[in-house]
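Shown next: work25.txt, given as compact mmCIF, C-alpha atoms.
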# COMPACT_ATOMS: atom_id res chain seq x y z
CA MET K 1 -3.89 33.37 19.49
CA ARG K 2 -3.63 36.96 18.27
CA CYS K 3 -1.64 35.74 15.25
CA ASN K 4 -4.41 33.27 14.34
CA LEU K 5 -7.01 36.04 14.65
CA ILE K 6 -4.98 38.31 12.36
CA LYS K 7 -4.58 35.46 9.83
CA ALA K 8 -8.34 34.81 9.93
CA VAL K 9 -9.15 38.49 9.34
CA CYS K 10 -6.64 38.66 6.48
CA LEU K 11 -8.06 35.50 4.92
CA THR K 12 -11.60 36.87 5.22
CA LEU K 13 -10.57 40.13 3.57
CA ALA K 14 -8.76 38.28 0.76
CA VAL K 15 -11.77 36.05 0.05
CA SER K 16 -14.08 39.06 0.16
CA ALA K 17 -11.86 41.01 -2.25
CA ALA K 18 -11.69 38.03 -4.62
CA GLY K 19 -15.48 37.75 -4.57
CA THR K 20 -15.85 41.46 -5.30
CA ALA K 21 -13.36 41.25 -8.15
CA LEU K 22 -15.22 38.26 -9.59
CA ALA K 23 -18.55 40.13 -9.36
CA VAL K 24 -17.07 43.18 -11.12
CA GLN K 25 -15.50 40.96 -13.79
CA LYS K 26 -18.82 39.15 -14.33
CA ALA K 27 -20.69 42.46 -14.68
CA SER K 28 -18.14 43.83 -17.15
CA GLN K 29 -18.28 40.64 -19.25
CA GLY K 30 -22.01 41.04 -19.08
CA GLY K 31 -24.82 39.18 -20.56
CA ILE K 32 -28.57 39.19 -20.38
CA THR K 33 -30.50 37.91 -17.43
CA LEU K 34 -34.25 37.54 -17.03
CA PHE K 35 -36.47 37.38 -14.01
CA ALA K 36 -39.98 36.15 -14.79
CA GLU K 37 -42.96 35.93 -12.49
CA LYS K 38 -46.33 34.51 -13.51
CA GLN K 39 -48.92 37.30 -13.25
CA SER K 40 -52.14 35.68 -14.32
CA GLN K 41 -53.71 32.98 -16.42
CA GLY K 42 -56.98 32.78 -18.22
CA SER K 43 -58.42 32.24 -21.65
CA GLN K 44 -59.05 34.11 -24.84
CA TRP K 45 -61.64 33.53 -27.50
CA ASP K 46 -61.53 34.62 -31.15
CA SER K 47 -64.96 35.46 -32.57
CA THR K 48 -63.89 35.05 -36.20
CA THR K 49 -62.52 31.52 -35.79
CA GLY K 50 -64.54 30.45 -32.75
CA GLU K 51 -61.32 29.18 -31.18
CA ALA K 52 -60.63 29.36 -27.47
CA GLN K 53 -57.09 29.34 -26.13
CA TYR K 54 -55.37 29.22 -22.77
CA MET K 55 -53.47 32.38 -21.94
CA VAL K 56 -50.80 33.15 -19.36
CA SER K 57 -48.99 36.42 -18.67
CA TYR K 58 -45.63 36.94 -17.05
CA LYS K 59 -44.03 40.02 -15.55
CA VAL K 60 -40.52 39.92 -17.00
CA THR K 61 -37.48 41.97 -16.03
CA LEU K 62 -34.73 41.99 -18.65
CA ASN K 63 -31.28 43.06 -17.41
CA ASN K 64 -28.69 44.04 -19.99
CA ALA K 65 -25.61 43.51 -17.83
CA SER K 66 -23.24 43.94 -20.77
CA ASP K 67 -21.30 46.94 -22.01
CA LYS K 68 -23.11 46.76 -25.38
CA SER K 69 -26.56 47.98 -26.37
CA ILE K 70 -29.36 45.65 -27.33
CA GLU K 71 -31.50 47.05 -30.10
CA PRO K 72 -34.59 45.02 -30.95
CA GLY K 73 -36.15 45.96 -34.26
CA LYS K 74 -37.16 44.90 -37.73
CA ASP K 75 -33.79 43.29 -38.48
CA ASN K 76 -33.31 42.00 -34.93
CA LYS K 77 -36.70 40.66 -33.85
CA MET K 78 -36.98 39.94 -30.11
CA CYS K 79 -39.29 37.32 -28.61
CA PHE K 80 -39.71 35.27 -25.46
CA PHE K 81 -40.34 31.56 -25.02
CA LEU K 82 -41.92 29.58 -22.23
CA PHE K 83 -40.01 26.30 -21.91
CA ASP K 84 -39.51 23.32 -19.66
CA LYS K 85 -36.73 20.79 -19.12
CA ASN K 86 -38.44 18.27 -21.42
CA GLY K 87 -38.05 20.49 -24.49
CA LYS K 88 -41.64 21.77 -24.69
CA SER K 89 -41.83 25.47 -25.60
CA PHE K 90 -44.30 28.20 -26.56
CA MET K 91 -43.37 31.48 -28.25
CA SER K 92 -44.77 34.74 -26.88
CA THR K 93 -47.88 36.10 -28.55
CA GLY K 94 -47.63 39.59 -27.09
CA ILE K 95 -44.92 41.79 -25.59
CA GLU K 96 -45.42 45.14 -23.87
CA LEU K 97 -44.07 47.83 -26.21
CA GLU K 98 -41.72 49.26 -23.57
CA MET K 99 -39.84 45.95 -23.60
CA LEU K 100 -39.08 46.33 -27.33
CA LYS K 101 -37.12 49.59 -27.06
CA LYS K 102 -33.33 49.84 -27.19
CA TYR K 103 -31.51 48.73 -24.04
CA LYS K 104 -28.44 50.77 -23.15
CA PRO K 105 -25.52 49.01 -21.46
CA ILE K 106 -26.32 48.08 -17.85
CA GLU K 107 -30.03 48.91 -18.29
CA SER K 108 -33.01 46.97 -16.94
CA ARG K 109 -36.64 47.10 -17.95
CA THR K 110 -39.80 45.36 -16.74
CA GLY K 111 -42.96 44.61 -18.70
CA SER K 112 -45.64 42.07 -19.45
CA VAL K 113 -45.24 39.18 -21.87
CA LEU K 114 -48.23 37.12 -23.02
CA PHE K 115 -48.34 33.51 -24.17
CA SER K 116 -51.37 31.68 -25.59
CA SER K 117 -52.05 28.22 -26.97
CA ALA K 118 -54.82 25.68 -27.43
CA ASP K 119 -52.59 23.29 -25.44
CA PRO K 120 -53.50 23.45 -21.71
CA GLU K 121 -49.89 22.51 -20.85
CA ILE K 122 -48.99 26.17 -21.42
CA LEU K 123 -50.34 26.90 -17.92
CA ASN K 124 -47.71 24.61 -16.33
CA ILE K 125 -44.54 25.62 -18.18
CA PRO K 126 -42.18 27.22 -15.64
CA PHE K 127 -39.33 29.02 -17.45
CA VAL K 128 -39.06 32.10 -19.67
CA ARG K 129 -36.14 32.77 -22.02
CA LEU K 130 -35.24 35.45 -24.53
CA ALA K 131 -34.53 34.91 -28.22
CA PHE K 132 -33.55 37.11 -31.17
CA GLY K 133 -33.61 37.02 -34.95
CA LYS K 134 -34.38 33.89 -36.93
CA GLU K 135 -35.32 31.89 -33.85
CA CYS K 136 -38.33 34.19 -33.43
CA LEU K 137 -39.40 33.70 -37.05
CA THR K 138 -39.15 29.91 -37.22
CA LYS K 139 -41.34 28.90 -34.31
Structure re-expressed in structure tokens:
Amino acid sequence: MRCNLIKAVCLTLAVSAAGTALAVQKASQGGITLFAEKQSQGSQWDSTTGEAQYMVSYKVTLNNASDKSIEPGKDNKMCFFLFDKNGKSFMSTGIELEMLKKYKPIESRTGSVLFSSADPEILNIPFVRLAFGKECLTK
């Protein structure tokens, strides 16, 4: 019985150590993760065109989990997209300036991202993703 208990403890420690090693490996390989939470929705109206649009804002946390810096700028435009599983997407129309500064390795930042469209479907799109470069210029 004592032998089985010792084996169980050793197995638990081995699995725990493997999980920790995997988590450390994943963090060192890095990547970018986003957490997005819908803040508010409403409308905007442009007095020069007379157009009204639906507007939604998200609180977005961008985590640079890599060992490389991310430097948004003129030659590396950064934008966000709302998207769903059916392929519908909307590009951001406004990003809080703090979100557009350089991200050091393993740095996180939170800010507001705005989306607007004449299409009311924008209010029901659930996911936010990040894009860089030409993808931000073509849509």
Mind listing as an MDAnalysis selection string all residues within 12 Å of (-36.2, 32.5, -35.5), counting all atoms listed in the file?
chainID K and resid 75:81 91 130:139
At a cut-off of 10 Å, using only C-alpha atoms, what residues contact stretch 108-117 of chain K? Leave out same-chain residues fewer than 3 positions from it and give the result as a ChimeraX atom specification.
/K:32-44,52-65,79-82,90-101,103-105,120-123,128
Have a look at atom CA of K:Lys74 and atom CA of K:Ser89 and let me know their distance in Å, one decimal.
23.4 Å
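The coordinates place atom CA of K:Arg129 at 20.5 Å from atom CA of K:Asp67.
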Nearest to K:Lys102 by atom-to-atom distance, counting only C-alpha atoms, from K:Lys68, K:Asn86, K:Ser47, K:Phe127
K:Lys68
